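model.tsv, holding TSV, C-alpha atoms and all ligand atoms:
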```tsv
chain	number	residue	atom	x	y	z
A	1	MET	CA	17.22	0.52	24.37
A	2	ALA	CA	17.24	-3.19	25.25
A	3	GLN	CA	15.42	-2.42	28.47
A	4	GLU	CA	12.77	-0.38	26.68
A	5	ASN	CA	12.27	-3.27	24.26
A	6	ILE	CA	11.73	-5.66	27.11
A	7	SER	CA	9.28	-3.28	28.64
A	8	LEU	CA	7.27	-2.72	25.45
A	9	ALA	CA	7.09	-6.50	24.95
A	10	LYS	CA	6.10	-7.03	28.59
A	11	GLU	CA	3.57	-4.24	28.54
A	12	THR	CA	1.98	-5.62	25.33
A	13	LYS	CA	1.80	-9.16	26.68
A	14	LYS	CA	0.35	-7.96	29.96
A	15	ILE	CA	-2.40	-5.92	28.30
A	16	LEU	CA	-3.33	-8.87	26.08
A	17	GLN	CA	-3.24	-11.35	28.97
A	18	ASP	CA	-5.21	-9.16	31.36
A	19	ASN	CA	-7.94	-8.92	28.73
A	20	GLY	CA	-7.83	-12.59	27.76
A	21	ILE	CA	-6.92	-11.79	24.17
A	22	ARG	CA	-5.33	-14.32	21.81
A	23	LEU	CA	-4.15	-12.52	18.70
A	24	ASN	CA	-5.54	-13.67	15.38
A	25	LYS	CA	-3.02	-13.86	12.55
A	26	ASN	CA	-5.83	-13.96	10.00
A	27	LEU	CA	-6.72	-10.41	11.00
A	28	GLY	CA	-3.11	-9.39	10.49
A	29	GLN	CA	-2.65	-9.04	14.25
A	30	ASN	CA	1.10	-8.82	14.67
A	31	TYR	CA	1.81	-6.31	17.40
A	32	LEU	CA	4.97	-4.25	17.45
A	33	ILE	CA	7.15	-4.85	20.52
A	34	ASP	CA	10.33	-3.11	19.31
A	35	ASP	CA	10.61	0.29	20.91
A	36	PHE	CA	13.58	1.29	18.76
A	37	LYS	CA	11.57	0.73	15.56
A	38	ARG	CA	8.56	2.45	17.09
A	39	LYS	CA	10.65	5.56	17.75
A	40	LYS	CA	12.01	5.46	14.21
A	41	ILE	CA	8.55	5.18	12.65
A	42	ILE	CA	7.26	8.13	14.66
A	43	LYS	CA	10.33	10.18	13.76
A	44	TYR	CA	9.98	9.50	10.02
A	45	ALA	CA	6.50	11.05	10.12
A	46	ASN	CA	8.01	14.38	11.15
A	47	LEU	CA	4.91	15.34	13.13
A	48	THR	CA	3.87	18.77	14.34
A	49	LYS	CA	0.88	20.03	16.28
A	50	ASN	CA	-0.69	20.96	12.92
A	51	ASP	CA	-0.93	17.34	11.79
A	52	THR	CA	-3.98	15.10	11.75
A	53	VAL	CA	-2.79	11.51	11.46
A	54	LEU	CA	-4.80	8.59	10.12
A	55	GLU	CA	-3.85	5.23	11.61
A	56	ILE	CA	-5.22	1.92	10.30
A	57	GLY	CA	-5.24	-1.00	12.75
A	58	PRO	CA	-4.03	0.71	15.95
A	59	GLY	CA	-4.24	-2.52	17.96
A	60	ILE	CA	-3.67	-1.73	21.63
A	61	GLY	CA	-2.24	1.68	20.75
A	62	THR	CA	1.50	1.08	20.53
A	63	LEU	CA	1.88	3.73	17.82
A	64	THR	CA	-1.34	5.62	18.60
A	65	ILE	CA	-0.27	6.89	22.01
A	66	LYS	CA	3.05	8.22	20.69
A	67	LEU	CA	1.34	9.75	17.66
A	68	ALA	CA	-1.16	11.50	19.93
A	69	GLU	CA	1.70	13.10	21.88
A	70	GLU	CA	3.14	14.72	18.77
A	71	ALA	CA	0.18	15.39	16.46
A	72	ARG	CA	-2.82	17.63	16.85
A	73	LYS	CA	-5.17	14.71	16.35
A	74	VAL	CA	-5.12	11.00	15.53
A	75	ILE	CA	-7.93	9.14	13.76
A	76	ALA	CA	-7.53	5.41	14.39
A	77	ILE	CA	-9.65	2.75	12.68
A	78	GLU	CA	-9.69	-0.71	14.32
A	79	GLN	CA	-11.87	-3.54	13.09
A	80	ASP	CA	-11.63	-5.96	16.03
A	81	THR	CA	-14.23	-4.84	18.57
A	82	ALA	CA	-12.51	-6.46	21.57
A	83	ILE	CA	-9.24	-4.69	20.71
A	84	PHE	CA	-11.11	-1.45	19.99
A	85	ASN	CA	-12.63	-1.59	23.50
A	86	ILE	CA	-9.23	-2.19	25.13
A	87	LEU	CA	-7.69	0.75	23.32
A	88	SER	CA	-10.65	2.96	24.04
A	89	GLU	CA	-10.33	2.23	27.77
A	90	ARG	CA	-6.56	2.65	27.68
A	91	LEU	CA	-6.82	6.09	26.09
A	92	GLU	CA	-9.37	7.13	28.68
A	93	ASN	CA	-7.21	5.86	31.56
A	94	GLU	CA	-4.21	7.73	30.24
A	95	GLY	CA	-6.22	10.91	29.75
A	96	ILE	CA	-5.53	11.06	26.01
A	97	ASP	CA	-8.31	13.06	24.38
A	98	ASN	CA	-7.03	13.81	20.88
A	99	VAL	CA	-7.67	10.35	19.39
A	100	GLU	CA	-10.85	9.66	17.43
A	101	LEU	CA	-11.34	5.90	17.51
A	102	ILE	CA	-13.49	4.25	14.85
A	103	ASN	CA	-14.60	0.62	15.12
A	104	GLY	CA	-14.85	-0.68	11.56
A	105	ASP	CA	-13.23	-2.12	8.47
A	106	ALA	CA	-10.80	0.49	7.17
A	107	VAL	CA	-11.32	-0.67	3.59
A	108	LYS	CA	-15.03	0.22	3.85
A	109	VAL	CA	-15.24	3.13	6.31
A	110	ASP	CA	-15.12	6.70	4.93
A	111	PHE	CA	-11.98	8.46	6.14
A	112	PRO	CA	-12.46	11.74	8.01
A	113	PRO	CA	-10.04	14.50	6.85
A	114	PHE	CA	-6.32	13.90	7.63
A	115	ASN	CA	-2.97	15.06	6.26
A	116	LYS	CA	-0.60	12.23	7.24
A	117	ILE	CA	-0.88	8.47	7.63
A	118	VAL	CA	1.18	6.36	10.01
A	119	SER	CA	0.36	2.66	10.36
A	120	ASN	CA	1.67	-0.78	11.01
A	121	LEU	CA	-0.88	-2.17	8.57
A	122	PRO	CA	-2.85	-5.40	8.76
A	123	TYR	CA	-1.02	-7.06	5.89
A	124	GLN	CA	-4.02	-8.83	4.38
A	125	ILE	CA	-5.43	-5.46	3.25
A	126	SER	CA	-2.14	-3.98	1.99
A	127	SER	CA	-3.23	-3.59	-1.59
A	128	PRO	CA	-6.80	-2.24	-1.28
A	129	ILE	CA	-5.92	0.10	1.59
A	130	THR	CA	-2.92	1.54	-0.27
A	131	PHE	CA	-5.04	2.34	-3.32
A	132	LYS	CA	-7.74	3.77	-1.07
A	133	PHE	CA	-5.15	6.06	0.54
A	134	LEU	CA	-4.12	7.27	-2.90
A	135	ASN	CA	-7.65	8.40	-3.69
A	136	HIS	CA	-7.17	11.00	-0.94
A	137	ASP	CA	-5.00	14.06	-0.82
A	138	PHE	CA	-2.32	13.94	1.90
A	139	ASP	CA	1.26	15.05	2.62
A	140	LEU	CA	2.97	11.77	3.42
A	141	ALA	CA	2.43	8.25	4.70
A	142	VAL	CA	4.79	6.13	6.80
A	143	LEU	CA	3.63	2.54	6.47
A	144	MET	CA	4.76	-0.90	7.52
A	145	TYR	CA	4.20	-3.71	5.02
A	146	GLN	CA	5.46	-7.23	4.46
A	147	LYS	CA	8.94	-6.90	3.03
A	148	GLU	CA	8.08	-8.59	-0.28
A	149	PHE	CA	5.10	-6.31	-0.78
A	150	ALA	CA	7.22	-3.23	-0.04
A	151	GLU	CA	9.78	-4.43	-2.60
A	152	ARG	CA	7.12	-4.87	-5.25
A	153	MET	CA	5.73	-1.41	-4.54
A	154	ASN	CA	9.07	-0.01	-5.54
A	155	GLY	CA	10.05	-2.57	-8.19
A	156	LYS	CA	12.40	-1.25	-10.84
A	157	VAL	CA	11.85	-2.01	-14.53
A	158	GLY	CA	13.43	-5.30	-15.58
A	159	THR	CA	13.76	-6.76	-12.07
A	160	LYS	CA	11.72	-9.54	-10.54
A	161	GLU	CA	10.11	-7.00	-8.20
A	162	TYR	CA	8.74	-5.02	-11.16
A	163	SER	CA	5.03	-5.83	-11.05
A	164	ARG	CA	1.52	-4.66	-11.61
A	165	LEU	CA	1.75	-2.99	-8.18
A	166	SER	CA	4.91	-1.05	-9.09
A	167	ALA	CA	3.42	0.12	-12.36
A	168	MET	CA	0.12	1.12	-10.72
A	169	LEU	CA	1.81	3.11	-7.96
A	170	TYR	CA	4.29	4.80	-10.27
A	171	PHE	CA	2.00	7.66	-11.34
A	172	LYS	CA	0.33	7.98	-7.94
A	173	ALA	CA	3.13	8.20	-5.39
A	174	LYS	CA	6.85	8.32	-4.79
A	175	VAL	CA	7.84	5.25	-2.75
A	176	ASP	CA	10.90	5.47	-0.48
A	177	PHE	CA	12.24	2.55	1.49
A	178	LEU	CA	12.90	3.59	5.11
A	179	THR	CA	13.89	0.58	7.22
A	180	HIS	CA	13.67	-3.19	7.60
A	181	VAL	CA	11.87	-4.68	10.59
A	182	SER	CA	12.55	-8.29	11.50
A	183	LYS	CA	9.95	-10.89	12.46
A	184	GLU	CA	11.16	-10.81	16.07
A	185	SER	CA	9.94	-7.24	16.44
A	186	PHE	CA	6.34	-8.49	16.68
A	187	ILE	CA	4.15	-10.79	18.72
A	188	PRO	CA	3.18	-13.22	17.43
A	189	SER	CA	6.08	-13.17	14.92
A	190	PRO	CA	4.86	-13.24	11.36
A	191	LYS	CA	6.38	-15.67	8.84
A	192	VAL	CA	8.15	-12.95	6.90
A	193	ASP	CA	10.12	-9.80	7.61
A	194	SER	CA	8.63	-6.35	7.24
A	195	ALA	CA	9.67	-2.99	5.87
A	196	VAL	CA	8.67	0.59	6.52
A	197	VAL	CA	8.17	2.79	3.47
A	198	LYS	CA	7.29	6.38	2.88
A	199	LEU	CA	4.65	7.29	0.30
A	200	THR	CA	4.51	10.81	-1.05
A	201	PRO	CA	1.56	11.40	-3.39
A	202	LYS	CA	2.40	12.74	-6.85
A	203	LYS	CA	-0.12	15.51	-7.06
A	204	ASP	CA	0.35	16.29	-10.74
A	205	GLY	CA	-0.19	12.61	-11.67
A	206	THR	CA	-2.44	11.74	-14.58
A	207	ASN	CA	-6.04	12.45	-15.42
A	208	GLU	CA	-8.59	9.92	-14.32
A	209	GLU	CA	-9.62	8.72	-17.74
A	210	ASP	CA	-6.05	8.14	-18.92
A	211	PHE	CA	-5.30	6.30	-15.70
A	212	LYS	CA	-8.33	4.04	-16.20
A	213	ALA	CA	-7.06	2.92	-19.60
A	214	TYR	CA	-3.54	2.59	-18.15
A	215	SER	CA	-4.82	0.39	-15.27
A	216	LYS	CA	-6.47	-2.01	-17.69
A	217	VAL	CA	-3.46	-2.23	-19.97
A	218	VAL	CA	-1.19	-2.76	-16.94
A	219	LYS	CA	-3.42	-5.56	-15.68
A	220	ALA	CA	-3.43	-7.29	-19.07
A	221	LEU	CA	0.32	-6.91	-19.58
A	222	PHE	CA	1.37	-8.15	-16.14
A	223	GLN	CA	-0.61	-11.35	-16.54
A	224	HIS	CA	2.23	-12.21	-18.93
A	225	ARG	CA	5.36	-10.59	-17.52
A	226	ASN	CA	7.77	-12.34	-19.87
A	227	LYS	CA	5.79	-12.17	-23.07
A	228	LYS	CA	6.03	-9.53	-25.73
A	229	ALA	CA	3.51	-6.81	-25.01
A	230	ARG	CA	1.61	-7.52	-28.21
A	231	ASN	CA	1.06	-11.17	-27.27
A	232	ALA	CA	0.33	-10.30	-23.66
A	233	LEU	CA	-2.45	-7.93	-24.75
A	234	ILE	CA	-3.88	-10.47	-27.17
A	235	ASP	CA	-3.80	-13.27	-24.58
A	236	SER	CA	-5.42	-11.07	-21.93
A	237	ARG	CA	-7.73	-9.27	-24.34
A	238	ASN	CA	-10.71	-9.69	-21.99
A	239	GLN	CA	-8.99	-7.31	-19.52
A	240	ILE	CA	-9.14	-4.54	-22.09
A	241	GLY	CA	-12.64	-5.30	-23.28
A	242	PHE	CA	-12.02	-7.52	-26.32
A	243	LYS	CA	-13.68	-10.89	-26.75
A	244	ASP	CA	-12.50	-11.62	-30.22
A	245	LYS	CA	-8.83	-12.33	-30.89
A	246	LYS	CA	-9.06	-11.40	-34.57
A	247	GLU	CA	-10.70	-8.08	-33.80
A	248	LEU	CA	-7.89	-7.01	-31.45
A	249	LYS	CA	-5.21	-8.29	-33.82
A	250	SER	CA	-6.54	-6.27	-36.72
A	251	LEU	CA	-6.91	-3.17	-34.54
A	252	LEU	CA	-3.27	-3.51	-33.46
A	253	ILE	CA	-2.14	-3.93	-37.04
A	254	ASP	CA	-4.04	-0.77	-38.02
A	255	LEU	CA	-2.57	1.24	-35.15
A	256	GLU	CA	0.92	-0.08	-35.77
A	257	ASP	CA	0.74	0.81	-39.45
A	258	ASN	CA	0.17	4.42	-38.44
A	259	ASN	CA	2.62	4.48	-35.58
A	260	GLU	CA	6.13	3.12	-35.79
A	261	GLU	CA	6.73	3.74	-32.07
A	262	LEU	CA	3.75	1.62	-31.05
A	263	LYS	CA	5.05	-1.18	-33.22
A	264	GLU	CA	8.38	-1.10	-31.39
A	265	LEU	CA	6.80	-0.84	-27.94
A	266	LEU	CA	4.57	-3.84	-28.55
A	267	LEU	CA	7.61	-5.93	-29.47
A	268	LYS	CA	9.13	-5.38	-26.01
A	269	ARG	CA	8.51	-7.77	-23.14
A	270	THR	CA	6.25	-6.58	-20.36
A	271	ILE	CA	8.95	-6.43	-17.67
A	272	THR	CA	11.15	-4.25	-19.88
A	273	LEU	CA	8.45	-1.61	-20.40
A	274	PRO	CA	8.79	1.38	-18.05
A	275	PRO	CA	5.50	2.91	-16.82
A	276	GLU	CA	5.86	5.86	-19.25
A	277	GLU	CA	5.97	3.45	-22.20
A	278	ILE	CA	3.00	1.48	-20.89
A	279	MET	CA	1.19	4.81	-20.63
A	280	LYS	CA	2.03	5.54	-24.29
A	281	ILE	CA	0.50	2.20	-25.29
A	282	ALA	CA	-2.55	2.88	-23.11
A	283	LEU	CA	-3.09	6.32	-24.63
A	284	LEU	CA	-2.86	4.98	-28.17
A	285	LEU	CA	-5.40	2.28	-27.31
A	286	LYS	CA	-7.53	4.51	-25.11
A	287	ASN	CA	-10.47	4.92	-27.48
A	288	ASP	CA	-10.77	1.18	-27.96
A	289	VAL	CA	-10.09	-0.11	-24.43
A	290	LYS	CA	-13.19	-0.89	-22.42
A	301	LIG	N1	-0.56	-0.92	15.07
A	301	LIG	C1	-0.53	-2.01	16.04
A	301	LIG	C2	-1.27	-3.23	15.54
A	301	LIG	C3	-0.86	-3.77	14.20
A	301	LIG	S1	-1.65	-5.30	13.81
A	301	LIG	C4	0.91	-2.34	16.37
A	301	LIG	O1	1.79	-1.91	15.65
A	301	LIG	O2	1.14	-3.04	17.34
A	301	LIG	C5	-2.95	-4.77	12.74
A	301	LIG	C6	-4.24	-4.36	13.42
A	301	LIG	O3	-5.19	-4.08	12.40
A	301	LIG	C7	-4.88	-5.40	14.32
A	301	LIG	O4	-5.22	-4.83	15.55
A	301	LIG	C8	-6.15	-5.84	13.55
A	301	LIG	O5	-7.24	-6.18	14.40
A	301	LIG	C9	-6.47	-4.59	12.76
A	301	LIG	N2	-7.22	-4.84	11.51
A	301	LIG	C10	-7.21	-5.93	10.72
A	301	LIG	N3	-7.96	-5.75	9.63
A	301	LIG	C11	-8.46	-4.48	9.71
A	301	LIG	C12	-9.32	-3.70	8.88
A	301	LIG	N4	-9.81	-4.19	7.72
A	301	LIG	N5	-9.62	-2.44	9.27
A	301	LIG	C13	-9.14	-1.93	10.44
A	301	LIG	N6	-8.32	-2.65	11.26
A	301	LIG	C14	-7.99	-3.89	10.91
```
Starting from the file, give its structure as structure tokens.
Ligand code: SAH
Amino acid sequence: MAQENISLAKETKKILQDNGIRLNKNLGQNYLIDDFKRKKIIKYANLTKNDTVLEIGPGIGTLTIKLAEEARKVIAIEQDTAIFNILSERLENEGIDNVELINGDAVKVDFPPFNKIVSNLPYQISSPITFKFLNHDFDLAVLMYQKEFAERMNGKVGTKEYSRLSAMLYFKAKVDFLTHVSKESFIPSPKVDSAVVKLTPKKDGTNEEDFKAYSKVVKALFQHRNKKARNALIDSRNQIGFKDKKELKSLLIDLEDNNEELKELLLKRTITLPPEEIMKIALLLKNDVK
């Protein structure tokens, strides 16, 4: 194992040096040099020759080449043209012909069809790319994120990790923590540790319209994590389409008068409201939220 690690690190450095590449941290370029973690990531994806894998930010192909061995096809989207060219040449030299390489920004490019996702993500796009994934139908995703981000994805009600992100993901996907990856597993080493998580889409989630109202209520509430929901909504009324404080207050009073449960929910603090209860609030406000 140690020897393989040395060789993956050496191989990576050599490829970068030979091509005169200096990695750019602003593009989230932290390349995996830990062969043990690479093997684990590939194994978690449970690949067969029926799978088409989407990979975001393949870099010089550390995961890509292993994915291509096990899957039917890999679609890899790399934004950095110099890196894209290196990988393209490397795949050709190694005679790998089941990788479709796309040079572009993964947040903007349309994804071709796929059924699994495996990526060591560029961390600066963690949030938009995760929500983009969840607008597609797929079996599972094995993804590396910054550790803090991964913890917030899976934040439990009442903890400091419970966040807008946790609440937004709750109805879209099951999030399972798989393994930690330390800073030293990358070149250059990032400032923080990483974590690999598995996302499994919840296919019976919610309807689009309900989720829209939910998203707005979540955004308003989590701007005031420690306030009572009622005050959080009033303070962030612009997020749910209200300009006038009095107007929202009187609407809430009306709704509360007809619904004892809403009254109780709105007295709870944001971080103590589980996603199901936030959804109840959102549904009761749905006709008025804009
Ligand atoms: N998977 C490789 C590289 C991870 S670093 C490994 O594990 O070693 C992340 C990669 O994503 C970098 O190569 C970076 O150039 C690329 N990248 C950054 N922003 C991107 C974007 N918006 N779309 C596609 N690729 C991006």
Mind running chain A against ligand LIG 301 (chain A) at 9 Å and telling me each contacting residue's nearest atom pair with the distance in Å (one decimal), counting only C-alpha atoms and all ligand atoms, chain and number ascending, as CSV?
```
residue,atom,partner,partner_atom,distance
A:Thr12,CA,A:LIG301,O2,8.4
A:Leu23,CA,A:LIG301,O5,8.3
A:Asn24,CA,A:LIG301,O5,7.7
A:Lys25,CA,A:LIG301,C8,8.7
A:Asn26,CA,A:LIG301,C10,8.2
A:Leu27,CA,A:LIG301,C10,4.5
A:Gly28,CA,A:LIG301,C5,5.1
A:Gln29,CA,A:LIG301,S1,3.9
A:Asn30,CA,A:LIG301,S1,4.5
A:Tyr31,CA,A:LIG301,O2,3.3
A:Leu32,CA,A:LIG301,O2,4.0
A:Ile33,CA,A:LIG301,O2,7.0
A:Arg38,CA,A:LIG301,O1,8.2
A:Glu55,CA,A:LIG301,N1,7.8
A:Ile56,CA,A:LIG301,C13,5.5
A:Gly57,CA,A:LIG301,O3,3.1
A:Pro58,CA,A:LIG301,N1,3.9
A:Gly59,CA,A:LIG301,O4,3.5
A:Ile60,CA,A:LIG301,C1,6.4
A:Gly61,CA,A:LIG301,C1,6.2
A:Thr62,CA,A:LIG301,O2,5.2
A:Leu63,CA,A:LIG301,N1,5.9
A:Thr64,CA,A:LIG301,N1,7.5
A:Ala76,CA,A:LIG301,C13,8.5
A:Ile77,CA,A:LIG301,C13,5.2
A:Glu78,CA,A:LIG301,N6,3.9
A:Gln79,CA,A:LIG301,N6,4.1
A:Asp80,CA,A:LIG301,O5,4.7
A:Thr81,CA,A:LIG301,O5,8.2
A:Ala82,CA,A:LIG301,O5,8.9
A:Ile83,CA,A:LIG301,O4,6.5
A:Phe84,CA,A:LIG301,O4,8.1
A:Ile102,CA,A:LIG301,C13,8.8
A:Asn103,CA,A:LIG301,C13,7.6
A:Gly104,CA,A:LIG301,C13,6.0
A:Asp105,CA,A:LIG301,N5,3.7
A:Ala106,CA,A:LIG301,N5,3.8
A:Val107,CA,A:LIG301,N4,5.6
A:Lys108,CA,A:LIG301,N4,7.9
A:Val109,CA,A:LIG301,N5,8.4
A:Ser119,CA,A:LIG301,N1,6.0
A:Asn120,CA,A:LIG301,N1,4.6
A:Leu121,CA,A:LIG301,C5,5.3
A:Pro122,CA,A:LIG301,C5,4.0
A:Tyr123,CA,A:LIG301,C5,7.5
A:Gln124,CA,A:LIG301,N3,7.3
A:Ile125,CA,A:LIG301,N4,6.4
A:Ile129,CA,A:LIG301,N4,8.4
A:Met144,CA,A:LIG301,O1,8.7
A:Phe186,CA,A:LIG301,O2,7.6
A:Ile187,CA,A:LIG301,O2,8.4
```
Just to be explicit: take each residue in the selection above, keep C-alpha atoms, and write the result as a PDB file, in the frame of the given file.
```
ATOM      1  CA  THR A  12       1.980  -5.620  25.330  1.00  0.00           C
ATOM      2  CA  LEU A  23      -4.150 -12.520  18.700  1.00  0.00           C
ATOM      3  CA  ASN A  24      -5.540 -13.670  15.380  1.00  0.00           C
ATOM      4  CA  LYS A  25      -3.020 -13.860  12.550  1.00  0.00           C
ATOM      5  CA  ASN A  26      -5.830 -13.960  10.000  1.00  0.00           C
ATOM      6  CA  LEU A  27      -6.720 -10.410  11.000  1.00  0.00           C
ATOM      7  CA  GLY A  28      -3.110  -9.390  10.490  1.00  0.00           C
ATOM      8  CA  GLN A  29      -2.650  -9.040  14.250  1.00  0.00           C
ATOM      9  CA  ASN A  30       1.100  -8.820  14.670  1.00  0.00           C
ATOM     10  CA  TYR A  31       1.810  -6.310  17.400  1.00  0.00           C
ATOM     11  CA  LEU A  32       4.970  -4.250  17.450  1.00  0.00           C
ATOM     12  CA  ILE A  33       7.150  -4.850  20.520  1.00  0.00           C
ATOM     13  CA  ARG A  38       8.560   2.450  17.090  1.00  0.00           C
ATOM     14  CA  GLU A  55      -3.850   5.230  11.610  1.00  0.00           C
ATOM     15  CA  ILE A  56      -5.220   1.920  10.300  1.00  0.00           C
ATOM     16  CA  GLY A  57      -5.240  -1.000  12.750  1.00  0.00           C
ATOM     17  CA  PRO A  58      -4.030   0.710  15.950  1.00  0.00           C
ATOM     18  CA  GLY A  59      -4.240  -2.520  17.960  1.00  0.00           C
ATOM     19  CA  ILE A  60      -3.670  -1.730  21.630  1.00  0.00           C
ATOM     20  CA  GLY A  61      -2.240   1.680  20.750  1.00  0.00           C
ATOM     21  CA  THR A  62       1.500   1.080  20.530  1.00  0.00           C
ATOM     22  CA  LEU A  63       1.880   3.730  17.820  1.00  0.00           C
ATOM     23  CA  THR A  64      -1.340   5.620  18.600  1.00  0.00           C
ATOM     24  CA  ALA A  76      -7.530   5.410  14.390  1.00  0.00           C
ATOM     25  CA  ILE A  77      -9.650   2.750  12.680  1.00  0.00           C
ATOM     26  CA  GLU A  78      -9.690  -0.710  14.320  1.00  0.00           C
ATOM     27  CA  GLN A  79     -11.870  -3.540  13.090  1.00  0.00           C
ATOM     28  CA  ASP A  80     -11.630  -5.960  16.030  1.00  0.00           C
ATOM     29  CA  THR A  81     -14.230  -4.840  18.570  1.00  0.00           C
ATOM     30  CA  ALA A  82     -12.510  -6.460  21.570  1.00  0.00           C
ATOM     31  CA  ILE A  83      -9.240  -4.690  20.710  1.00  0.00           C
ATOM     32  CA  PHE A  84     -11.110  -1.450  19.990  1.00  0.00           C
ATOM     33  CA  ILE A 102     -13.490   4.250  14.850  1.00  0.00           C
ATOM     34  CA  ASN A 103     -14.600   0.620  15.120  1.00  0.00           C
ATOM     35  CA  GLY A 104     -14.850  -0.680  11.560  1.00  0.00           C
ATOM     36  CA  ASP A 105     -13.230  -2.120   8.470  1.00  0.00           C
ATOM     37  CA  ALA A 106     -10.800   0.490   7.170  1.00  0.00           C
ATOM     38  CA  VAL A 107     -11.320  -0.670   3.590  1.00  0.00           C
ATOM     39  CA  LYS A 108     -15.030   0.220   3.850  1.00  0.00           C
ATOM     40  CA  VAL A 109     -15.240   3.130   6.310  1.00  0.00           C
ATOM     41  CA  SER A 119       0.360   2.660  10.360  1.00  0.00           C
ATOM     42  CA  ASN A 120       1.670  -0.780  11.010  1.00  0.00           C
ATOM     43  CA  LEU A 121      -0.880  -2.170   8.570  1.00  0.00           C
ATOM     44  CA  PRO A 122      -2.850  -5.400   8.760  1.00  0.00           C
ATOM     45  CA  TYR A 123      -1.020  -7.060   5.890  1.00  0.00           C
ATOM     46  CA  GLN A 124      -4.020  -8.830   4.380  1.00  0.00           C
ATOM     47  CA  ILE A 125      -5.430  -5.460   3.250  1.00  0.00           C
ATOM     48  CA  ILE A 129      -5.920   0.100   1.590  1.00  0.00           C
ATOM     49  CA  MET A 144       4.760  -0.900   7.520  1.00  0.00           C
ATOM     50  CA  PHE A 186       6.340  -8.490  16.680  1.00  0.00           C
ATOM     51  CA  ILE A 187       4.150 -10.790  18.720  1.00  0.00           C
TER      52      ILE A 187
END
```
Pick from A:Ala173, A:Leu101, A:Ala282, A:Leu267 nearest to Ala220 in chain A, counting only C-alpha atoms:
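Ranked by minimum distance to Ala220 in chain A, first place goes to A:Ala282.
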From (-1.8, 17.0, -3.9), in the file's coordinates, out to 9 Å: which residues are reached, counting all atoms listed in the file? Answer as a tab-separated table (two decimals) with C-alpha atoms, in the coordinates of the input.
```tsv
chain	number	residue	atom	x	y	z
A	136	HIS	CA	-7.17	11.00	-0.94
A	137	ASP	CA	-5.00	14.06	-0.82
A	138	PHE	CA	-2.32	13.94	1.90
A	139	ASP	CA	1.26	15.05	2.62
A	201	PRO	CA	1.56	11.40	-3.39
A	202	LYS	CA	2.40	12.74	-6.85
A	203	LYS	CA	-0.12	15.51	-7.06
A	204	ASP	CA	0.35	16.29	-10.74
```
Using only C-alpha atoms, which of the listed residues (A:Lys160, A:Lys263, A:Lys39, A:Lys216) sits closest to Lys228 in chain A?
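The answer is A:Lys263, which sits nearest to Lys228 in chain A.
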Residue nearest Ile21 in chain A among A:Val53, A:Ile86, A:Leu248, A:Ile117 (counting only C-alpha atoms):
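With only C-alpha atoms as the atom set, the closest residue is A:Ile86.
Rounded to one decimal, CA of Val142 in chain A and CA of Ser88 in chain A lie 23.4 Å from each other.
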Counting all atoms listed in the file, the option among A:Glu256, A:Asp97, A:Asp193, A:Glu264 closest to Leu284 in chain A
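Counting all atoms listed in the file, the residue closest to Leu284 in chain A is A:Glu256.
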What does the distance between CA of Leu16 in chain A and CA of Asn85 in chain A come to in Å, to one decimal place?
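Atom-to-atom, CA of Leu16 in chain A and CA of Asn85 in chain A are spaced 12.1 Å apart.
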Around the point (-10.4, 12.4, 10.6) in the file's coordinates, collect all residues with an atom within 7 Å, using all atoms listed in the file, and return them as a PyMOL selection string.
chain A and resi 54+75+111-114
Which of these residues is nearest to Glu89 in chain A, using all atoms listed in the file: A:Pro275, A:Lys116, A:Asn19, A:Ser236?
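Selected residue with least distance to Glu89 in chain A: A:Asn19.
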Would you mind reading off the distance between CA of Ala167 in chain A and CA of Asn226 in chain A, one decimal, in Å?
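Calculated distance between CA of Ala167 in chain A and CA of Asn226 in chain A is 15.2 Å.
Between His180 in chain A and the residues A:Ile65, A:Leu47, A:Ile41, A:Leu134, the shortest atom-to-atom distance, using all atoms listed in the file, involves A:Ile41.
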